[in-house]
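Chemist: File run06.cif follows (mmCIF, C-alpha atoms):
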data_model
#
loop_
_atom_site.label_atom_id
_atom_site.label_comp_id
_atom_site.auth_asym_id
_atom_site.auth_seq_id
_atom_site.Cartn_x
_atom_site.Cartn_y
_atom_site.Cartn_z
CA MET K 1 131.61 238.38 308.76
CA LYS K 2 132.47 235.16 306.96
CA LYS K 3 134.44 235.39 303.70
CA VAL K 4 134.07 232.96 300.84
CA ASP K 5 137.09 231.65 299.00
CA HIS K 6 135.53 232.36 295.60
CA LYS K 7 136.81 229.96 292.94
CA PHE K 8 134.33 229.46 290.12
CA ILE K 9 134.58 231.74 287.12
CA HIS K 10 132.03 231.27 284.37
CA PRO K 11 133.71 230.74 280.96
CA PRO K 12 133.49 233.73 278.58
CA PHE K 13 130.14 234.09 276.82
CA ASN K 14 129.86 233.87 273.03
CA ILE K 15 127.30 236.22 271.57
CA GLY K 16 125.41 235.71 268.31
CA TRP K 17 122.62 238.22 267.95
CA HIS K 18 121.03 238.95 264.56
CA HIS K 19 123.93 240.31 262.43
CA LEU K 20 126.45 240.44 265.29
CA LYS K 21 128.84 237.74 266.49
CA PHE K 22 131.54 238.24 269.11
CA SER K 23 132.97 236.94 272.37
CA LEU K 24 132.78 238.76 275.66
CA PRO K 25 135.91 239.11 277.79
CA LEU K 26 136.08 237.08 281.00
CA TYR K 27 133.68 238.37 283.71
CA TRP K 28 131.62 240.37 281.20
CA GLU K 29 127.92 239.53 280.95
CA VAL K 30 124.92 240.73 278.98
CA THR K 31 122.64 242.66 281.31
CA SER K 32 120.24 244.36 278.89
CA TYR K 33 119.05 243.73 275.35
CA THR K 34 116.51 244.55 272.67
CA THR K 35 115.32 242.05 270.09
CA ASN K 36 114.68 244.17 266.98
CA GLN K 37 116.82 243.05 264.04
CA ASP K 38 117.22 246.49 262.41
CA GLU K 39 117.87 248.62 265.47
CA GLY K 40 118.81 247.71 269.00
CA THR K 41 121.22 247.61 271.91
CA ILE K 42 122.95 245.10 274.13
CA GLY K 43 124.43 246.30 277.43
CA PHE K 44 127.34 244.69 279.27
CA ALA K 45 128.36 244.72 282.90
CA SER K 46 130.48 242.84 285.37
CA GLU K 47 130.72 242.76 289.14
CA LYS K 48 132.48 246.14 288.95
CA GLY K 49 129.51 247.81 287.23
CA PRO K 50 128.45 248.76 283.68
CA LEU K 51 131.13 248.17 281.04
CA GLY K 52 129.54 249.53 277.90
CA GLN K 53 127.06 248.76 275.20
CA ILE K 54 126.85 247.75 271.58
CA SER K 55 124.13 249.19 269.39
CA TRP K 56 123.19 248.60 265.78
CA ARG K 57 120.93 250.34 263.28
CA LYS K 58 120.09 250.02 259.64
CA VAL K 59 121.35 252.93 257.54
CA LYS K 60 120.69 253.84 253.91
CA ALA K 61 124.22 254.75 252.82
CA VAL K 62 127.80 254.14 253.94
CA PRO K 63 128.17 256.27 257.09
CA ASP K 64 131.09 258.53 258.06
CA LYS K 65 131.92 256.66 261.28
CA GLU K 66 134.53 259.15 262.56
CA LYS K 67 132.14 262.08 262.11
CA ILE K 68 129.31 260.24 263.88
CA MET K 69 131.53 259.30 266.84
CA THR K 70 132.84 262.87 267.13
CA GLU K 71 129.31 264.28 267.07
CA ILE K 72 128.10 261.78 269.70
CA HIS K 73 131.00 262.78 271.97
CA ARG K 74 130.43 266.48 271.33
CA ARG K 75 126.79 266.14 272.42
CA TYR K 76 127.81 264.08 275.44
CA ILE K 77 130.29 266.67 276.77
CA ALA K 78 127.89 269.51 275.91
CA GLU K 79 125.49 267.90 278.40
CA THR K 80 128.01 267.02 281.08
CA ASP K 81 130.52 269.90 280.81
CA PRO K 82 129.41 272.77 278.51
CA ASP K 83 132.67 274.76 278.97
CA LYS K 84 134.74 271.85 277.78
CA ALA K 85 132.48 271.34 274.78
CA GLU K 86 133.63 274.69 273.34
CA ARG K 87 137.28 273.60 273.46
CA PHE K 88 136.61 270.13 272.00
CA SER K 89 137.49 269.73 268.32
CA THR K 90 137.81 266.03 267.42
CA LEU K 91 138.53 262.54 268.76
CA LYS K 92 141.72 260.56 268.13
CA PHE K 93 141.21 257.51 265.99
CA PHE K 94 142.85 254.14 265.43
CA SER K 95 141.69 250.75 264.11
CA VAL K 96 141.18 247.23 265.42
CA ASN K 97 140.62 245.03 262.35
CA ASP K 98 137.80 246.82 260.47
CA ILE K 99 136.62 248.64 263.55
CA VAL K 100 137.42 252.32 264.09
CA VAL K 101 138.05 253.30 267.71
CA GLY K 102 137.72 256.94 268.79
CA TYR K 103 138.81 258.42 272.13
CA GLU K 104 139.56 261.84 273.57
CA LYS K 105 141.78 261.10 276.58
CA ASN K 106 142.29 258.73 279.52
CA GLY K 107 139.36 258.45 281.89
CA GLU K 108 136.81 259.60 279.30
CA ARG K 109 134.24 257.44 277.55
CA TYR K 110 135.31 256.15 274.16
CA TYR K 111 133.70 254.74 271.07
CA ALA K 112 134.10 252.15 268.34
CA SER K 113 132.22 251.68 265.13
CA THR K 114 132.03 249.47 262.06
CA PHE K 115 129.73 249.10 259.09
CA LEU K 116 128.36 245.78 257.83
CA GLU K 117 127.99 246.33 254.10
CA GLU K 118 125.53 243.68 252.98
CA PRO K 119 122.84 244.12 255.65
CA LYS K 120 123.70 247.89 255.76
CA ILE K 121 124.00 247.86 259.53
CA LEU K 122 126.03 250.44 261.42
CA VAL K 123 127.44 248.89 264.62
CA GLU K 124 128.55 251.21 267.41
CA TRP K 125 130.10 250.61 270.81
CA ILE K 126 130.32 252.98 273.76
CA PHE K 127 132.70 252.11 276.60
CA PRO K 128 132.74 254.14 279.82
CA ASP K 129 136.37 254.73 280.69
CA TYR K 130 139.41 254.84 278.39
CA SER K 131 142.72 253.57 279.75
CA LYS K 132 145.35 251.08 278.67
CA ASN K 133 143.91 248.38 280.95
CA THR K 134 140.23 248.89 280.19
CA PHE K 135 140.93 249.03 276.47
CA ALA K 136 142.90 245.77 276.63
CA GLU K 137 139.67 244.01 277.67
CA ALA K 138 137.50 245.85 275.14
CA LYS K 139 140.05 245.08 272.46
CA THR K 140 139.48 241.32 272.84
CA LEU K 141 135.79 241.95 272.28
CA LEU K 142 136.42 244.14 269.22
CA ALA K 143 138.98 241.71 267.79
CA SER K 144 136.49 238.83 268.03
CA PHE K 145 133.72 240.76 266.27
CA ARG K 146 132.40 239.26 263.00
CA GLU K 147 129.29 239.64 260.91
CA ASN K 148 126.97 236.79 261.91
CA LYS K 149 126.64 235.20 258.48
CA PRO K 150 124.85 231.86 258.04
CA GLU K 151 127.17 228.86 257.73
CA ASN K 152 125.93 225.64 256.11
CA GLY K 153 122.41 227.05 256.02
CA ARG K 154 122.36 227.88 259.71
CA PHE K 155 122.89 231.05 261.68
CA PHE K 156 124.33 231.26 265.16
CA PHE K 157 122.48 232.52 268.19
CA GLY K 158 124.37 232.79 271.45
CA CYS K 159 123.75 234.54 274.73
CA TRP K 160 123.86 233.70 278.46
CA GLY K 161 125.68 230.45 277.69
CA LEU K 162 123.02 229.12 275.30
CA GLU K 163 124.63 228.56 271.89
CA ILE K 164 122.50 227.24 269.07
CA HIS K 165 122.58 226.94 265.29
CA VAL K 166 119.18 227.69 263.80
CA PRO K 167 118.22 226.93 260.16
CA GLU K 168 117.90 229.93 257.87
CA GLY K 169 114.32 231.16 257.57
CA PHE K 170 113.71 231.08 261.30
CA HIS K 171 113.70 234.39 263.15
CA LEU K 172 113.97 235.25 266.82
CA SER K 173 110.46 235.56 268.24
CA LYS K 174 110.70 235.30 272.02
CA ILE K 175 113.35 235.48 274.74
CA SER K 176 113.00 234.76 278.42
CA SER K 177 116.19 235.50 280.35
CA LEU K 178 115.47 234.66 283.97
CA PRO K 179 118.52 233.94 286.12
CA ALA K 180 119.66 230.35 285.44
CA ALA K 181 116.60 229.75 283.22
CA VAL K 182 117.03 231.00 279.66
CA SER K 183 114.59 230.20 276.85
CA VAL K 184 114.80 231.36 273.25
CA GLU K 185 112.15 230.77 270.61
CA PHE K 186 112.50 231.02 266.83
CA GLU K 187 109.71 230.91 264.30
CA ASN K 188 109.60 230.65 260.51
CA LYS K 189 107.00 232.08 258.14
CA LYS K 190 104.91 228.90 258.43
CA CYS K 191 104.85 229.37 262.21
CA HIS K 192 106.99 226.27 262.84
CA ARG K 193 108.85 226.84 266.07
CA ILE K 194 112.24 225.91 267.47
CA VAL K 195 112.65 226.50 271.19
CA ALA K 196 115.86 226.08 273.16
CA HIS K 197 116.28 226.15 276.93
CA ARG K 198 119.18 226.27 279.35
CA TRP K 199 118.56 225.82 283.05
CA GLY K 200 121.00 226.02 285.93
CA MET K 201 121.02 224.39 289.38
CA PRO K 202 119.91 220.89 288.27
CA GLU K 203 120.42 219.52 291.80
CA LEU K 204 117.46 221.64 292.91
CA LEU K 205 115.31 221.16 289.80
CA LEU K 206 115.80 217.40 289.96
CA ALA K 207 115.74 217.14 293.77
CA ASP K 208 112.60 215.01 293.91
CA THR K 209 112.26 213.92 290.30
CA ASP K 210 114.26 212.67 287.31
CA LEU K 211 115.17 214.57 284.16
CA THR K 212 112.39 213.11 281.97
CA SER K 213 109.67 213.76 284.57
CA PHE K 214 110.97 217.29 285.15
CA TYR K 215 110.81 218.00 281.44
CA HIS K 216 107.32 216.42 281.13
CA LYS K 217 106.16 218.78 283.86
CA PHE K 218 107.74 221.77 282.12
CA LEU K 219 106.16 220.85 278.76
CA TYR K 220 102.77 220.49 280.46
CA SER K 221 103.15 223.99 281.96
CA GLN K 222 103.59 225.26 278.38
CA CYS K 223 100.35 223.49 277.22
CA ARG K 224 102.38 220.80 275.46
CA PHE K 225 100.95 217.36 276.09
CA VAL K 226 103.34 214.43 276.09
CA ILE K 227 102.45 211.52 273.80
CA LYS K 228 105.37 209.26 274.55
CA ASP K 229 109.07 209.07 275.36
CA THR K 230 110.65 207.75 272.22
CA GLN K 231 113.99 207.25 273.90
CA ASP K 232 114.41 207.78 277.57
CA THR K 233 118.14 207.27 278.03
CA LEU K 234 119.68 209.29 275.21
CA PHE K 235 123.39 209.83 275.51
CA TYR K 236 124.72 212.75 273.50
CA ASN K 237 128.33 213.76 274.15
CA ASN K 238 128.17 211.64 277.32
CA MET K 239 125.16 213.57 278.59
CA PRO K 240 122.12 211.58 279.73
CA GLY K 241 118.77 212.74 278.42
CA SER K 242 115.59 211.76 276.67
CA ILE K 243 113.60 212.36 273.50
CA ILE K 244 109.95 213.17 274.02
CA GLU K 245 107.10 213.35 271.53
CA PHE K 246 104.30 215.76 272.40
CA LYS K 247 101.32 217.52 270.86
CA THR K 248 100.28 221.13 271.14
CA ARG K 249 98.00 223.57 269.42
CA GLY K 250 97.61 227.28 269.01
CA LYS K 251 99.54 230.14 270.47
CA TRP K 252 96.88 232.30 272.10
CA GLY K 253 93.13 232.85 272.59
CA PHE K 254 90.71 230.51 270.80
CA ASP K 255 93.63 228.98 268.94
CA PHE K 256 94.23 226.90 272.08
CA LEU K 257 90.74 225.42 271.78
CA LEU K 258 90.17 225.27 268.04
CA GLY K 259 93.58 225.13 266.35
CA PRO K 260 94.85 221.93 264.74
CA TRP K 261 97.07 219.67 266.84
CA TRP K 262 100.75 219.98 265.91
CA LYS K 263 103.43 217.55 266.82
CA GLY K 264 106.53 218.47 268.74
CA TYR K 265 109.77 216.61 269.27
CA ALA K 266 111.75 217.56 272.32
CA THR K 267 115.14 216.53 273.59
CA CYS K 268 116.52 217.25 277.02
CA LEU K 269 120.08 216.75 278.17
CA LEU K 270 121.76 216.96 281.54
CA ASN K 271 125.34 218.18 281.69
CA GLU K 272 126.48 217.19 285.15
CA ASP K 273 129.94 218.78 284.82
CA LYS K 274 128.60 222.19 283.87
CA LYS K 275 125.55 221.75 286.11
CA ARG K 276 123.13 222.67 283.33
CA ILE K 277 120.06 221.19 281.70
CA TYR K 278 119.65 221.85 277.97
CA ALA K 279 116.47 221.24 276.00
CA LEU K 280 115.34 221.64 272.43
CA GLU K 281 111.82 221.55 270.98
CA HIS K 282 110.72 221.60 267.36
CA ILE K 283 107.02 222.17 266.78
CA ALA K 284 105.44 221.71 263.34
CA PRO K 285 102.40 220.00 261.73
CA ALA K 286 102.34 216.22 262.23
CA ARG K 287 102.91 215.58 258.52
CA PHE K 288 106.20 217.51 258.67
CA LYS K 289 108.72 214.72 259.18
CA GLN K 290 112.06 216.54 258.97
CA ARG K 291 112.83 217.61 262.52
CA GLU K 292 115.74 219.44 264.06
CA THR K 293 118.00 217.42 266.33
CA VAL K 294 120.42 218.25 269.12
CA GLU K 295 123.31 217.31 266.81
CA SER K 296 122.40 220.07 264.36
CA VAL K 297 121.01 222.78 266.66
CA LEU K 298 122.87 222.36 269.94
CA GLN K 299 126.27 221.85 268.30
CA GLY K 300 128.08 223.78 271.01
CA VAL K 301 126.78 221.65 273.89
CA LYS K 302 129.44 219.33 275.20
CA MET S 1 103.58 256.84 307.14
CA SER S 2 107.29 256.13 307.41
CA ASP S 3 109.17 256.40 310.68
CA PRO S 4 111.07 259.76 310.69
CA ASP S 5 113.95 258.17 312.64
CA ILE S 6 114.68 255.72 309.86
CA ASN S 7 116.70 257.08 306.98
CA PHE S 8 115.43 255.32 303.84
CA HIS S 9 117.45 255.47 300.67
CA GLU S 10 117.98 253.23 297.69
CA LEU S 11 121.14 251.16 297.90
CA THR S 12 123.68 251.51 295.13
CA PHE S 13 125.00 248.43 293.33
CA GLU S 14 128.14 248.40 295.49
CA GLU S 15 126.20 249.02 298.74
CA GLN S 16 123.84 246.16 297.86
CA LEU S 17 126.77 243.76 297.61
CA GLU S 18 128.20 244.84 300.97
CA ALA S 19 124.82 244.73 302.76
CA ILE S 20 124.16 242.24 305.54
CA ALA S 21 120.93 240.74 306.85
CA VAL S 22 119.53 241.14 310.34
CA PHE S 23 116.99 238.70 311.74
CA ASN S 24 113.67 240.34 312.66
CA ASN S 25 113.51 240.56 316.46
CA LYS S 26 109.74 239.96 316.34
CA ALA S 27 110.41 236.59 314.73
CA GLU S 28 111.26 233.37 316.51
CA ILE S 29 112.62 230.09 315.23
CA VAL S 30 110.24 227.44 316.58
CA LYS S 31 111.59 224.41 314.69
CA ASN S 32 115.11 224.02 313.41
CA GLU S 33 116.00 220.81 311.62
CA ASP S 34 118.55 220.02 308.90
CA SER S 35 116.04 220.11 306.07
CA GLU S 36 113.37 222.38 307.46
CA MET S 37 112.94 225.48 309.60
CA LEU S 38 109.75 226.96 311.02
CA ILE S 39 109.71 230.66 311.88
CA GLU S 40 106.96 232.36 313.82
CA ILE S 41 106.46 236.09 313.42
CA LYS S 42 104.36 238.20 315.77
CA LEU S 43 101.86 240.30 313.88
CA LYS S 44 101.16 243.91 314.79
CA TYR S 45 97.91 245.64 313.86
CA GLU S 46 97.92 249.42 313.71
CA GLY S 47 95.34 252.19 313.26
CA ALA S 48 91.88 251.03 312.19
CA LYS S 49 93.11 247.46 312.01
CA LYS S 50 94.01 247.60 315.72
CA ALA S 51 90.42 248.51 316.64
CA LEU S 52 89.05 245.83 314.36
CA ALA S 53 91.49 243.29 315.78
CA LYS S 54 90.01 243.78 319.27
CA VAL S 55 86.61 242.74 317.94
CA LEU S 56 87.50 240.17 315.28
CA LYS S 57 90.40 238.54 317.15
CA PRO S 58 92.55 237.73 314.13
CA ARG S 59 95.66 235.57 314.39
CA GLU S 60 98.51 237.01 316.43
CA THR S 61 101.34 235.21 314.68
CA LYS S 62 102.13 233.83 311.25
CA LYS S 63 104.30 230.81 310.59
CA ILE S 64 106.72 230.50 307.68
CA GLN S 65 108.38 227.27 306.67
CA LEU S 66 111.80 227.38 304.99
CA THR S 67 113.16 224.44 303.01
CA GLY S 68 115.64 223.82 300.18
CA LEU S 69 117.58 226.75 298.80
CA ALA S 70 115.58 229.33 300.81
CA LEU S 71 116.72 227.59 304.00
CA LEU S 72 120.34 227.44 302.84
CA VAL S 73 120.29 231.15 301.94
CA PHE S 74 118.72 232.00 305.29
CA ARG S 75 121.35 230.03 307.21
CA LYS S 76 124.20 231.69 305.29
CA LEU S 77 122.71 235.16 305.79
CA VAL S 78 121.63 235.01 309.40
CA GLU S 79 123.60 232.25 311.10
CA GLU S 80 126.90 232.50 309.21
CA LYS S 81 126.65 236.29 308.72
CA TYR S 82 127.50 236.33 305.01
CA ASN S 83 127.11 239.65 303.26
CA ILE S 84 125.36 239.69 299.87
CA ARG S 85 128.64 239.59 297.94
CA ASN S 86 129.84 236.47 299.77
CA LEU S 87 126.41 234.88 299.37
CA VAL S 88 126.58 235.52 295.61
CA TYR S 89 130.08 233.97 295.49
CA TRP S 90 128.88 230.95 297.46
CA LEU S 91 125.93 230.42 295.09
CA GLN S 92 128.24 230.84 292.07
CA ASP S 93 130.69 228.26 293.41
CA THR S 94 128.01 225.79 294.47
CA TYR S 95 125.97 225.80 291.25
CA LYS S 96 128.53 227.05 288.68
CA LEU S 97 126.52 230.18 287.90
CA SER S 98 127.67 233.44 286.38
CA PHE S 99 127.90 236.49 288.66
CA PHE S 100 124.64 238.08 287.49
CA GLU S 101 122.72 234.79 287.55
CA ALA S 102 123.75 234.31 291.19
CA ARG S 103 123.24 237.97 292.10
CA ASN S 104 119.73 238.12 290.64
CA LEU S 105 118.72 234.92 292.41
CA ILE S 106 120.06 236.20 295.73
CA VAL S 107 118.28 239.53 295.26
CA GLN S 108 115.03 237.61 294.60
CA PHE S 109 115.52 235.34 297.61
CA THR S 110 116.45 238.12 300.04
CA GLY S 111 113.56 240.20 298.66
CA GLU S 112 111.16 237.34 299.45
CA LEU S 113 112.60 236.90 302.94
CA MET S 114 112.20 240.66 303.53
CA LYS S 115 108.62 240.66 302.21
CA LYS S 116 107.73 237.89 304.60
CA GLY S 117 109.22 239.89 307.46
CA ILE S 118 111.95 237.41 308.34
CA ILE S 119 115.00 239.61 307.73
CA VAL S 120 115.93 243.21 307.20
CA ILE S 121 118.80 244.25 304.95
CA GLU S 122 121.24 246.60 306.62
CA LYS S 123 124.03 248.64 305.08
#
Could you quickly redo this structure as structure tokens?

Modeler:
Amino acid sequence: MKKVDHKFIHPPFNIGWHHLKFSLPLYWEVTSYTTNQDEGTIGFASEKGPLGQISWRKVKAVPDKEKIMTEIHRRYIAETDPDKAERFSTLKFFSVNDIVVGYEKNGERYYASTFLEEPKILVEWIFPDYSKNTFAEAKTLLASFRENKPENGRFFFGCWGLEIHVPEGFHLSKISSLPAAVSVEFENKKCHRIVAHRWGMPELLLADTDLTSFYHKFLYSQCRFVIKDTQDTLFYNNMPGSIIEFKTRGKWGFDFLLGPWWKGYATCLLNEDKKRIYALEHIAPARFKQRETVESVLQGVK
Amino acid sequence: MSDPDINFHELTFEEQLEAIAVFNNKAEIVKNEDSEMLIEIKLKYEGAKKALAKVLKPRETKKIQLTGLALLVFRKLVEEKYNIRNLVYWLQDTYKLSFFEARNLIVQFTGELMKKGIIVIEK
């Protein structure tokens, strides 16, 4: 059997998800998620298997984090080892910044928890196996954790290598996380939409076409009809790309046939070093002149 | 009905990564070029289909053309005997993908090759 001299390691992923903002340790990846703002979970794993999960939920009052963690562990060992549950009294606790970490002993699952006061969100982590080494990795995650507050009128969304800064008022409406093809859509109360994409393997996607034609084709598959290329050799941070003007209407059903035509401005960029294609679309009524640009939304793309 | 001699069980995450592919012995490579491969697979009709096949004379083989990444994956799996883990590493290194991006793509590709009857995954 042939062995590969494996060299490439993907840089650590930055996560911005509703109220949560943190960095994953090297090799860790998001493998499961829910999109609800008030209650949800994100799961992590690496090549070695599952590494834990973060969950969040809205609570009415300031919670007793230690008591909650102890109760969760008590119920867990009651299911897995009822005899041990009778002997169990409490977890041992210590802190990483504002985060309380609770563990029983080496080799057992352990917990961490913090409370975000303004949005009243209780954030909880469960990690599978406590030891000095495994905690060293989890500690980098916990130490990087911040509340995802808007900065300069924009909030951060990051996952699977896509890092964007979306204006306040837009909320997460759709995620498609196919391997090497991530799309995230945000919508505001007027139904204006901002859509960001990140594709991998550009050599294959652009094997028999160029970047602009590839993106035209993609827009067409989304019922977005290209009007013109306003700039077909955009260079942003040394990345070639193009700006495309398109029209679209409706979201579903008869809306597609009868809805008013809205105008969209799209930008696509090719990062040859990272082997990624990035794209950004802003869809709003034609009279709406103020459009989002790659400089403001895709700030992290270099 | 499944063959009682074959022991089916779901592969664990670790077993999946160590699995290797075996070329279907009913399949034959009829064209092998740098950018394209044509594989012919003998079809077998069983039960009621076998009786119908005698009357209706359906096709006896099906041809599958492999190009692009599917062809590369096939060559690595069958000709160079990569296991799934090494194939994932190769895809990661070639296209700068994360582990799970590469793994999911390889699982999709090998799944397609299995569905078409070209390979079988073996522990």

Chemist: What does the distance from CA of Lys123 (chain S) to CA of Gln16 (chain S) come to in Å, to one decimal?

Modeler: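 These two atoms are separated by 7.6 Å.
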
Chemist: On this structure, the PyMOL selection byres ((chain S) within 8 of (chain K)) would catch which residues? List them as a PyMOL selection string, sorted by chain and number.

Modeler: chain S and resi 13+68-69+80-83+86+89-90+92-93+95-102+104-105

Chemist: Any idea what the distance is between CA of Glu151 (chain K) and CA of Arg291 (chain K)?

Modeler: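 Computing it gives 18.8 Å between the two atoms.
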
Chemist: Which residues, named as in the file, does the PyMOL selection byres ((chain S and resi 106) around 9) pick out? Answer as a ChimeraX atom specification.

Modeler: /S:73,84,87-88,91,101-105,107-111

Chemist: For a quick check of understanding, using only C-alpha atoms, which of K:Glu66, K:Glu292, K:Glu147, K:Glu71 has the smallest distance to Val101 (chain K)?

Modeler: K:Glu66

Chemist: How many Å lie between CA of Arg59 (chain S) and CA of Ile121 (chain S), rounded to one decimal?

Modeler: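 Rounded to one decimal, the two atoms are 26.5 Å apart.
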
Chemist: Which residue is closest to Glu40 (chain S)? Choose from S:Glu28, S:Glu60, S:Glu79, S:Glu10 and count all atoms listed in the file.

Modeler: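 Between S:Glu28, S:Glu60, S:Glu79, S:Glu10, the residue approaching Glu40 (chain S) most closely is S:Glu28.
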
Chemist: Quick one: residues within 12 Å of Lys289 (chain K), all atoms listed in the file, excluding same-chain residues fewer than 3 positions away - as a list in words?

Modeler: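 The contact residues come out as Trp262, Lys263, Gly264, Tyr265, His282, Ile283, Ala284, Pro285, Ala286 and Glu292 of chain K.
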
Chemist: Which is closest to Glu122 (chain S) among S:Ala21, S:Leu38, S:Thr94, S:Glu33, if we use all atoms listed in the file?

Modeler: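 Ranking S:Ala21, S:Leu38, S:Thr94, S:Glu33 by distance to Glu122 (chain S), first place goes to S:Ala21.
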
Chemist: Just checking: using all atoms listed in the file, which residue out of S:Arg85, S:Glu36, S:Lys31, S:Arg75 ends up closest to Glu15 (chain S)?

Modeler: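 Checking each of S:Arg85, S:Glu36, S:Lys31, S:Arg75 against Glu15 (chain S), counting all atoms listed in the file, the winner is S:Arg85.
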
Chemist: Taking the file above as input, evaluate the PyMOL selection byres ((chain K and resi 249-255) around 12) and report the hits as a VMD selection string.

Modeler: chain K and resid 187 191 to 193 222 to 225 246 to 248 256 to 264 283 to 286

Chemist: Which one is closest to Leu20 (chain K): K:Ile194, K:Cys159, K:Val96, K:Val62? Count all atoms listed in the file.

Modeler: K:Cys159

Chemist: Go through K:Ile243, K:Glu117, K:Lys132, K:Tyr215 and flag the residue nearest Lys228 (chain K), using only C-alpha atoms for the distances.

Modeler: K:Ile243
